[in-house]
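Working notes, beginning with the structure itself.
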Amino acid sequence: MSAVLPEHPEFLWRNPDPRRSYEVVIVGGGGHGLATAYYLARNHGITNVAVLERGWLAGGNMARNTTIIRSNYLWDESAAIYEHALKQWEALPEELDYDFLFSQRGVLNLAHTPQDVREGVRRVNANQLNGVDAEWLNPDQVKEFCPIVDISPGVRYPVLGATLQPRAGIAKHDHVAWAFARTADEHGIDLIQDCEVTGFLRDGDKILGVQTTRGPIMADRIGLAAAGHTSVLAGLAGLRLPLQSHPLQALVSELLEPVHPCVVMSNHVHVYVSQAHKGELVMGAGVDPYNSYAQRGSVHVIERQMAAALELFPIFARAHVIRTWGGIVDVTPDASPIIGATPLANLFVNCGWGTGGFKATPASGWVYAHTLATGRAHPLNEPFALERFTTGALIDEHGAAAVAH
Amino acid sequence: MLLIPCPWCGDRDETEFHYGGQAHVAYPQSPDALSDAQWAEYLFVRDNPKGEFAERWCHNAGCRRWFNLVRDTATHQIVVQR
Amino acid sequence: MTAHRLPNGGRVDRAAPVRFTYDGKRYTGLRGDTLASALIANGVLEVAPSSYRGRPRGIVTAGVDEPNALVLVDGSLLPATTLELHDGLSATGRSGVGRLTDSTDSVRHDKRYVHCDVLVVGGGPAGLAAAQAAGRTGARTILADERTELGGTLLATKGFDLSWPGLAEFPETRVLSRTTAVGYYDQNYVVLAQRNTLWHVRAKRVVLATGAHERPLVFADNDRPGVMLASAVREYVNRYAVAPGQNVVLATTNDSAYQVALDLIAAGITVSAIVDSRPEPPAALVNQVGVEVITGSAVTGTEGRHRVSAVHIGPDRSIPCDLLAVSGGWNPAVHMFSQAQGRVRYEERIAAFVPDTCPQDLEVVGAANATYELAACLAEGAAAGARAAHLAGFGGGTAPELPPVPAESDSAHRPVWMVEGDETLQFIDLQRDSTVADIRRATGAGLRSVEHVKRYTTVGTGLDQGRTGGVPAIGVIAELLGASSPGEVGTTTYRPPYTPVSFALLAGRDRGELHDPIRRTAMHSWHVAHGAVFEDVGQWKRPHHYPRAGEDAQAAVLRECTAARTGLAMMDASTLGKIEVQGPDAGEFLNRMYTNAFAKLAIGSCRYGMLCRADGMVFDDGVVLRLAEDRYLTTTTTGNAAAVLDWFEEWQQTEWPELRVRFTSVTEQWATIAVVGPGSRAALTPLLPDLDLSAAAFGFMTFRDTVLCNGVPARVARVSFSGELAFEINVATWHGLSTWELVANTGATPYGTETMHVLRAEKGFVIVGQDTDGTVTPQDLGMDWIVSKRKDFVGRRSFSRPDTARPDRRQLVGLLPVDPDDLLPEGAQLVAGGVPLTPPVPMLGHVTSSYRSAALGRTFALALVAGGRDLIGRELLAPLGNRVITATVTEPIFYDPEGTRRDG
């Protein structure tokens, strides 16, 4: 018999028609948009809110990611927002009354070269001082924590150690989105699907509302939360953002008896893998290099990823890929998000999460709700303003941190 | 696996190429004359359209020459070369 | 022969018994059987119980869409319905959940890459016709078919001559059997899985003849063993000559089941009734079949325990039987079409999603295109094959003549999405145990999108990826939501792979030794012979240290350092990147790239240079030699050699094409030996008879082209990364080993990268990538002197940005632990004294390099510290979990700050 998932609630959300105007309109019904809606209600008492979704709720990257949750980022600004998220994750199943299978099984980031080791140790030390749980493991300790990892020195890039964040883990992505959506709906927030934004209603540099496939909708404040499609939407308002959209591919295996106890990531060989609650291996790789909105990537990326995976986990050789897919990730020059105001009054952006958006969902919603409610950044998203690209105060998670997944 | 038309070598698999992002973004004539915002625009801001996109590729594993083409980012079809 | 094996017919070899084991019991089948057909021949129809509810389950299909009959063979989870029987096969039934075992997989997987003019996917009637039409033109044609034999449904069609296409006569046509097209990527790049070979085909044109999948019907207890797809029953009877039952009821929504009935009757199997959803099925079929046809009706339930014993048609009618063959209509196999970004539309007449438009160069034919009658399939395939070849430049585009075939009918279907009965027993997805009740619950929860319902119920997420249950689920959703048709609900998107592909097959040979190329220098064998411990730097293997017997790494490094500082040592520096920059504008080009100037560098001289990215952050560094007026040799860090070459070429080609300069990587053409230490001059004098090595004659940062004592031409440079007197000998790679041995014979101590790191750190020389991380400017490193104020270069404008010009940026400093024996870990974070160590603790920076120094007799480190230059002389703390190391901030130079040693 297979592991049985918890039952979903009897009721999730209404399917309302859009009203003429709202206090806040969120464009994009993915995880971040839904979380923002929820926190607008919970933290700010704002419920005159619509979430506009072009397709189906949480059908973009939320439905396509590999569900890794961790907060062991290098830079203070990143660690602060991701750790805020992790603390929220720990409370959310109860708060939202939804078992979304949050499993704090630990995440290993493997080191394969002396430089990886230096970077790993640096991150562990920074994490500890930032109050983020982190440990450095030697290869034997890696083997103890994840017995199926091949730590033999003879492999092409031997495992020299790993960082471990014990509180990190995975959750069931759809369930997370639905948990936020259900509660937002309970607060009276309108979740409107099949509603594509086709333009902005404006008065000079002031945004007054959105034009949609279901008619015009006015709003006091409008927040974009459209991940890979943000550039397209911003373009409708004449705004250019430092974003590039790329395919990010992932895959699952058939259901397997428990074999992999934690999450393992390797920056060096570009692979990350966990075993989901039902038993399928969930695996991702690096982004395809070219710009794309096609939700598809190139097969050699998958093939390379499989080869890397088998170097680390020889036991996976006989597993099967049953489905691969691609998401569209919006990547900024420093691999950190942009959250805050735009040059256009009343229009805000929350984008550029790249490959790392899922784990940030609750904190992203928390700070974006604050920004939309007050018109000002929350202290956690202040450093992530658009201006940093002008001043040069980047939060560069490319260079020093581990893979940003 | 895109099939990319190198103007010098012909159609080759994507794995022979290096991607260079948006085409026709010139290095500013006088960087010092630019404001910080204008310099940031050059450094960091590129078009990101859904649809036809003029972009740069370099045939790294072949002739090592850079060239431009127009590709549709929604379908991956190559629309025109150069 | 067993009672279940029919006495005649089939494509099995009755003279070739095959012994196998299933669930620990021994059985015998025939060559040509699948495991499933052999089990049926042995009277075994029931397989492992269902995954979640533990209900008895049986074999349902005869192909890739099997949801129940999964088996574990040698650690792989496979459908019994496609598994070829072979002697000694040992299979264990599994409820859809695999089990990985740690046994080594000895099977070698491989990959092939081919181009062709026409790729035909599917070897059924339409595919065969297409392949023939294309192949006969001389076009390079590939026909891929997933089965052991070509023919598709023709294999289960009696009396058809399968040799008709004569594909073997076409020399440019290749037939790949047992080959499944699993992925359709951009520009007609199709991936085919053929057992242990993964084919990558780039085709000018593709013809998809992927057939159709029969749909099951949804009614209470439709999961009971003995409920089987009608097409599967026909295939078992006709192709394998096995009888899954003796007394059959057929339930259908379309014409195809009537042929099944005729074939069963011909095989001596009783057909008790046909239950047809249509009020008026074609009279000709009804008359021809000659059994009771219950029209306008549907099966509503079954009886039995581990096997169907009767079917219910409404509350009043029950018909005894031991097999219920169902045909809920057909789904064109649009998976590959959909993967190719094709769009599908709903076709009401046949109640199915069919191909519509596609941006790629392909055509869909036959049942995959919802063309179900045999003659039409052949004609469509032949026309498409001829057209594809013509478009690829072969033949006139006219289709060949086709063999005559009997007429078939395909009158309108009448789908049955829902019938009355207990919805908790009406299974939609057998593998996931999901039912109509689950879908009703999902729509009741407010879900409208088929994607949401799929996720809520897990319908269509099993191994068969919704091939059987997908469309019935959409039909049920449409009815529950009151939609006009399933077309209004829409379908989910198909993703690769079409059928499961093993990780090992995708990885191919890129494993173990072949996972990533290993780059070795010319002297590698000497390093191995002398016990070097290696580290990976990019793809290179570099000696890290050379331990002697009884030495640990620390002792070896201290010994190597002492040799370099006090005597004579040598290092293999061949991995450093080397790029020749040639052309009249080479100097101008380098001026624009490097932060410092090179145009006026004297011929015969060397200069250290630094490269920044456009954002002003340090990218790479290295020494540049001026070989001639129009010729430089630049060196790069080991890891960045390719990136720097790319960088140079990009700027030259895309920004400054007017500059007459070109670049050539010569990294692998040279072997480089650094000979270091106060003893180096004396040791090298006999080796370099033509050179005056005195400081006066051969100045620091110059080089000479000369000939070694053994006649080997060499370029010798007076550069030093250690601060000691040093000579760098460069020879052609093929002379690397002999030259290394020549130097080694002088008694020089070989040292590795770690000693190199210690020596340079003692002098405060940075390693890009270790002391920098992409966020560090030259000024942060205290290297303002290398940043020209007189010329523009890539990155310069960025230095004046507000954040880049901040005075309190992280700056490179030295650190001396207060306890000279305390070694700061590289990566240790630094905090100010007096700061409470309760998180979040404000951090000032981190240790980038840290070593024990033989020369200093103590530990020391380099660090990046916020406003660090102003903290020199102050103490900082490095909290390390259970202990804290205190260290004093110093200038980042520890040894011979005056530079007195470099001339010996």
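Chain labels run A, B, ... following the order of the structure tokens; each chain numbers its residues from 1, and ligands are numbered from 1 in the order shown.
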
Worksheet entry | Who sits within 9 Å of C:Ala861, only C-alpha atoms, same chain under 3 positions skipped, as a PyMOL selection string | chain C and resi 761-762+813-817+823-824+826+847-852+892

What would the file look like if the residues just selected were written as a PDB file, in the first residue's frame with N, CA and C atoms?
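Dumped to part_23.pdb:
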ATOM      1  N   ALA C 761      49.882  34.113   0.038  1.00  0.00           N
ATOM      2  CA  ALA C 761      49.138  34.815   1.091  1.00  0.00           C
ATOM      3  C   ALA C 761      50.098  35.533   2.040  1.00  0.00           C
ATOM      4  N   GLU C 762      51.246  34.922   2.299  1.00  0.00           N
ATOM      5  CA  GLU C 762      52.243  35.592   3.139  1.00  0.00           C
ATOM      6  C   GLU C 762      52.640  36.928   2.533  1.00  0.00           C
ATOM      7  N   VAL C 813      42.145  42.747   4.370  1.00  0.00           N
ATOM      8  CA  VAL C 813      43.112  43.017   5.442  1.00  0.00           C
ATOM      9  C   VAL C 813      43.767  41.703   5.836  1.00  0.00           C
ATOM     10  N   GLY C 814      44.818  41.809   6.630  1.00  0.00           N
ATOM     11  CA  GLY C 814      45.433  40.640   7.219  1.00  0.00           C
ATOM     12  C   GLY C 814      44.879  40.415   8.615  1.00  0.00           C
ATOM     13  N   LEU C 815      45.027  39.203   9.093  1.00  0.00           N
ATOM     14  CA  LEU C 815      44.609  38.883  10.460  1.00  0.00           C
ATOM     15  C   LEU C 815      45.698  38.026  11.097  1.00  0.00           C
ATOM     16  N   LEU C 816      46.038  38.382  12.321  1.00  0.00           N
ATOM     17  CA  LEU C 816      46.958  37.537  13.095  1.00  0.00           C
ATOM     18  C   LEU C 816      46.223  37.095  14.353  1.00  0.00           C
ATOM     19  N   PRO C 817      45.911  35.813  14.447  1.00  0.00           N
ATOM     20  CA  PRO C 817      45.263  35.345  15.674  1.00  0.00           C
ATOM     21  C   PRO C 817      46.137  35.680  16.879  1.00  0.00           C
ATOM     22  N   LEU C 823      44.378  28.483  14.307  1.00  0.00           N
ATOM     23  CA  LEU C 823      44.165  28.618  12.857  1.00  0.00           C
ATOM     24  C   LEU C 823      42.709  28.997  12.623  1.00  0.00           C
ATOM     25  N   LEU C 824      42.502  30.160  12.073  1.00  0.00           N
ATOM     26  CA  LEU C 824      41.129  30.574  11.737  1.00  0.00           C
ATOM     27  C   LEU C 824      40.626  29.703  10.591  1.00  0.00           C
ATOM     28  N   GLU C 826      38.945  29.008   7.189  1.00  0.00           N
ATOM     29  CA  GLU C 826      38.514  29.810   6.040  1.00  0.00           C
ATOM     30  C   GLU C 826      36.998  29.792   6.013  1.00  0.00           C
ATOM     31  N   VAL C 847      36.832  35.441   6.838  1.00  0.00           N
ATOM     32  CA  VAL C 847      38.191  34.995   6.541  1.00  0.00           C
ATOM     33  C   VAL C 847      38.176  34.345   5.156  1.00  0.00           C
ATOM     34  N   THR C 848      39.024  34.828   4.262  1.00  0.00           N
ATOM     35  CA  THR C 848      39.036  34.269   2.909  1.00  0.00           C
ATOM     36  C   THR C 848      40.151  33.252   2.721  1.00  0.00           C
ATOM     37  N   SER C 849      41.260  33.443   3.433  1.00  0.00           N
ATOM     38  CA  SER C 849      42.405  32.539   3.316  1.00  0.00           C
ATOM     39  C   SER C 849      43.027  32.436   4.699  1.00  0.00           C
ATOM     40  N   SER C 850      43.476  31.256   5.077  1.00  0.00           N
ATOM     41  CA  SER C 850      44.067  31.126   6.409  1.00  0.00           C
ATOM     42  C   SER C 850      45.024  29.936   6.421  1.00  0.00           C
ATOM     43  N   TYR C 851      46.202  30.157   6.971  1.00  0.00           N
ATOM     44  CA  TYR C 851      47.239  29.118   6.882  1.00  0.00           C
ATOM     45  C   TYR C 851      48.123  29.150   8.107  1.00  0.00           C
ATOM     46  N   ARG C 852      48.898  28.064   8.259  1.00  0.00           N
ATOM     47  CA  ARG C 852      50.074  28.055   9.134  1.00  0.00           C
ATOM     48  C   ARG C 852      51.267  28.441   8.278  1.00  0.00           C
ATOM     49  N   PRO C 892      47.599  43.522   4.838  1.00  0.00           N
ATOM     50  CA  PRO C 892      47.557  42.192   4.236  1.00  0.00           C
ATOM     51  C   PRO C 892      48.893  41.807   3.601  1.00  0.00           C
TER      52      PRO C 892
END

Discussion item. Could you tell me which residues of chain C sit within 6 Å of chain A when counting only C-alpha atoms, and give me the result as a PyMOL selection string?
Written reply: chain C and resi 51-52+76+97-99+102+445-446+496-497+500-504+506-507+510-511+773-774+801-803+826-829+839-841

Give me the residues of chain A that have any atom at most 10 Å from an atom of chain B; for each, the nearest atom pair and the distance in Å, rounded to one decimal. Use only C-alpha atoms, sort by chain and number, and format it as CSV.
residue,atom,partner,partner_atom,distance
A:Gly228,CA,B:Asn48,CA,9.8
A:His229,CA,B:Lys50,CA,8.2
A:Thr230,CA,B:Asn48,CA,9.5
A:Ser231,CA,B:Asn48,CA,6.2
A:Val232,CA,B:Pro49,CA,6.3
A:Gly235,CA,B:Pro49,CA,8.5
A:Arg240,CA,B:Val45,CA,7.1
A:Leu241,CA,B:Val45,CA,6.2
A:Pro242,CA,B:Val45,CA,4.3
A:Leu243,CA,B:Asn48,CA,7.0
A:Gln244,CA,B:Asn48,CA,5.6
A:Ser245,CA,B:Asn48,CA,6.7
A:His246,CA,B:Thr73,CA,9.5
A:Asp288,CA,B:Tyr19,CA,9.9
A:Pro289,CA,B:Tyr19,CA,6.4
A:Tyr290,CA,B:Tyr19,CA,6.2
A:Asn291,CA,B:Thr73,CA,6.4
A:Ser292,CA,B:Thr73,CA,4.5
A:Tyr293,CA,B:Ala74,CA,4.9
A:Ala294,CA,B:Ala74,CA,4.7
A:Gln295,CA,B:Ala74,CA,8.4
A:Arg296,CA,B:Thr75,CA,9.2
A:Gly297,CA,B:Met1,CA,7.7
A:Ser298,CA,B:Met1,CA,4.6
A:Val299,CA,B:Met1,CA,6.2
A:His300,CA,B:Met1,CA,6.9
A:Val301,CA,B:Met1,CA,8.9
A:Asp330,CA,B:Asn48,CA,9.6
A:Thr332,CA,B:Phe44,CA,8.3
A:Pro333,CA,B:Phe44,CA,6.3
A:Asp334,CA,B:Phe44,CA,9.4
A:Glu387,CA,B:Ala37,CA,8.7
A:Arg388,CA,B:Ala40,CA,9.3
A:Phe389,CA,B:Ala40,CA,6.0
A:Thr390,CA,B:Ala40,CA,5.0
A:Thr391,CA,B:Asp36,CA,7.2
A:Gly392,CA,B:Ala40,CA,8.2

Within 10 Å of chain B, which residues of chain C show up when using only C-alpha atoms, listed as a compact mmCIF listing (two decimals) with N, CA, C and O atoms, in the first residue's frame?
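Writing done, so here's out_21.txt:
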# COMPACT_ATOMS: atom_id res chain seq x y z
N TYR C 184 9.66 14.96 -27.64
CA TYR C 184 9.67 15.74 -28.88
C TYR C 184 10.07 17.15 -28.49
O TYR C 184 9.34 17.85 -27.82
N TYR C 185 11.27 17.54 -28.92
CA TYR C 185 11.81 18.83 -28.51
C TYR C 185 11.85 19.79 -29.71
O TYR C 185 11.34 19.45 -30.79
N ASP C 186 12.48 20.94 -29.50
CA ASP C 186 12.41 21.99 -30.51
C ASP C 186 13.10 21.61 -31.80
O ASP C 186 14.07 20.86 -31.81
N GLN C 187 12.63 22.18 -32.90
CA GLN C 187 13.18 21.98 -34.23
C GLN C 187 13.31 20.48 -34.56
O GLN C 187 14.38 20.00 -34.95
N ASN C 188 12.22 19.77 -34.35
CA ASN C 188 12.15 18.35 -34.72
C ASN C 188 13.28 17.52 -34.14
O ASN C 188 13.91 16.72 -34.84
N TYR C 189 13.57 17.75 -32.88
CA TYR C 189 14.57 16.93 -32.18
C TYR C 189 13.79 15.91 -31.36
O TYR C 189 13.09 16.27 -30.41
N VAL C 190 13.88 14.66 -31.78
CA VAL C 190 13.04 13.63 -31.17
C VAL C 190 13.93 12.61 -30.49
O VAL C 190 14.92 12.15 -31.08
N HIS C 200 18.93 10.15 -30.42
CA HIS C 200 18.59 11.56 -30.57
C HIS C 200 18.52 11.84 -32.06
O HIS C 200 19.53 11.78 -32.75
N ARG C 202 17.51 14.23 -35.23
CA ARG C 202 17.13 15.54 -35.76
C ARG C 202 16.56 15.28 -37.14
O ARG C 202 17.28 14.82 -38.04
N ALA C 340 5.32 18.56 -29.02
CA ALA C 340 5.88 19.40 -30.08
C ALA C 340 5.22 20.77 -30.09
O ALA C 340 5.38 21.52 -31.05
N GLN C 341 4.47 21.08 -29.05
CA GLN C 341 3.74 22.34 -28.91
C GLN C 341 2.51 22.39 -29.80
O GLN C 341 2.01 23.48 -30.11
N CYS C 358 0.25 23.11 -35.11
CA CYS C 358 1.54 22.87 -34.47
C CYS C 358 2.60 23.72 -35.16
O CYS C 358 2.61 23.80 -36.39
N PRO C 359 3.49 24.36 -34.38
CA PRO C 359 4.52 25.19 -35.02
C PRO C 359 5.66 24.39 -35.66
O PRO C 359 6.48 24.97 -36.37
N GLN C 360 5.75 23.10 -35.40
CA GLN C 360 6.89 22.35 -35.92
C GLN C 360 6.54 21.67 -37.25
O GLN C 360 5.38 21.56 -37.65
N ARG C 613 34.56 42.86 -14.49
CA ARG C 613 33.32 42.83 -15.26
C ARG C 613 32.84 44.27 -15.41
O ARG C 613 33.33 45.18 -14.74
N ALA C 614 31.83 44.43 -16.26
CA ALA C 614 31.32 45.79 -16.48
C ALA C 614 30.79 46.41 -15.19
O ALA C 614 30.76 47.63 -15.05
N ASP C 615 30.41 45.55 -14.23
CA ASP C 615 29.90 46.10 -12.98
C ASP C 615 31.02 46.49 -12.02
O ASP C 615 30.77 46.83 -10.86
N ASP C 646 36.48 33.82 -23.87
CA ASP C 646 35.13 34.20 -24.32
C ASP C 646 34.93 35.71 -24.16
O ASP C 646 34.36 36.36 -25.03
N GLU C 649 36.87 37.73 -26.78
CA GLU C 649 36.27 37.60 -28.11
C GLU C 649 34.95 38.35 -28.19
O GLU C 649 34.64 38.98 -29.20
N GLU C 650 34.18 38.28 -27.13
CA GLU C 650 32.89 38.96 -27.15
C GLU C 650 33.08 40.48 -27.32
O GLU C 650 32.43 41.10 -28.16
N TRP C 651 33.97 41.05 -26.55
CA TRP C 651 34.17 42.50 -26.65
C TRP C 651 34.75 42.88 -28.00
O TRP C 651 34.34 43.87 -28.62
N GLN C 653 34.56 41.23 -30.88
CA GLN C 653 33.66 41.01 -32.02
C GLN C 653 32.42 41.89 -31.97
O GLN C 653 31.94 42.35 -33.01
N THR C 654 31.88 42.07 -30.76
CA THR C 654 30.57 42.73 -30.70
C THR C 654 30.66 44.22 -30.42
O THR C 654 29.72 44.94 -30.71
N GLU C 655 31.76 44.69 -29.82
CA GLU C 655 31.85 46.12 -29.53
C GLU C 655 32.90 46.83 -30.38
O GLU C 655 32.71 47.97 -30.77
N TRP C 656 34.02 46.18 -30.59
CA TRP C 656 35.13 46.86 -31.26
C TRP C 656 35.64 46.05 -32.44
O TRP C 656 36.83 45.72 -32.52
N ASP C 792 39.90 54.65 -20.23
CA ASP C 792 38.67 53.93 -19.89
C ASP C 792 38.94 52.44 -20.05
O ASP C 792 39.80 52.03 -20.84
N PHE C 793 38.27 51.65 -19.26
CA PHE C 793 38.34 50.20 -19.40
C PHE C 793 37.03 49.63 -18.90
O PHE C 793 36.26 50.31 -18.21
N VAL C 794 36.79 48.41 -19.26
CA VAL C 794 35.51 47.79 -18.91
C VAL C 794 35.36 47.76 -17.39
O VAL C 794 36.22 47.20 -16.69
N GLY C 795 34.31 48.35 -16.89
CA GLY C 795 34.03 48.33 -15.46
C GLY C 795 34.33 49.64 -14.76
O GLY C 795 33.88 49.85 -13.64
N ARG C 796 35.09 50.51 -15.39
CA ARG C 796 35.55 51.69 -14.67
C ARG C 796 34.39 52.57 -14.19
O ARG C 796 34.39 53.05 -13.06
N ARG C 797 33.41 52.76 -15.07
CA ARG C 797 32.29 53.64 -14.72
C ARG C 797 31.59 53.16 -13.44
O ARG C 797 31.05 53.95 -12.67
N SER C 798 31.63 51.87 -13.21
CA SER C 798 30.90 51.34 -12.05
C SER C 798 31.51 51.74 -10.71
O SER C 798 30.83 51.73 -9.70
N SER C 800 32.22 54.53 -9.58
CA SER C 800 31.71 55.77 -8.99
C SER C 800 30.25 55.66 -8.59
O SER C 800 29.65 56.65 -8.18
N ARG C 801 29.68 54.48 -8.68
CA ARG C 801 28.30 54.34 -8.20
C ARG C 801 28.28 54.51 -6.68
O ARG C 801 29.27 54.17 -6.01
N PRO C 802 27.16 55.01 -6.11
CA PRO C 802 27.16 55.32 -4.68
C PRO C 802 27.64 54.16 -3.81
O PRO C 802 28.46 54.34 -2.91

Discussion item. Rounded to one decimal, what separation in Å do you get between atom CA of C:Glu408 and atom CA of C:Gly296?
Written reply: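 Answer for the atom CA of C:Glu408 to atom CA of C:Gly296 separation: 22.1 Å.
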
Practice prompt. For C:Leu192, list every protein, DNA or RNA residue within 7 Å, evaluated using only C-alpha atoms, and leave out those in the same chain fewer than 3 positions away; present the list as a list in words.
Written response: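 Everything that qualifies: Thr179, Thr180, Ala181, Val182, Leu198, Trp199 and His200 of chain C.
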
Discussion item. For a test of reading the model, state the distance in Å between atom CA of C:Thr92 and atom CA of C:Thr153, rounded to one decimal.
Written reply: 28.9 Å

Discussion item. DSSP on the backbone: which residues in chain B end up as helix (DSSP H, G or I)? Give the answer as a count of residues only.
Written reply: 15

Item to complete: List every residue of chain B that DSSP, applied to the backbone of this structure, assigns to strand (DSSP E or B), and report them as a ChimeraX atom specification.
Response: /B:3-6,10-13,18-22,52-58,66-72,78-81

Worksheet item: What separation in Å, quoted to one decimal, exists between atom CA of C:Arg432 and atom CA of A:Val176?
Response: 21.3 Å
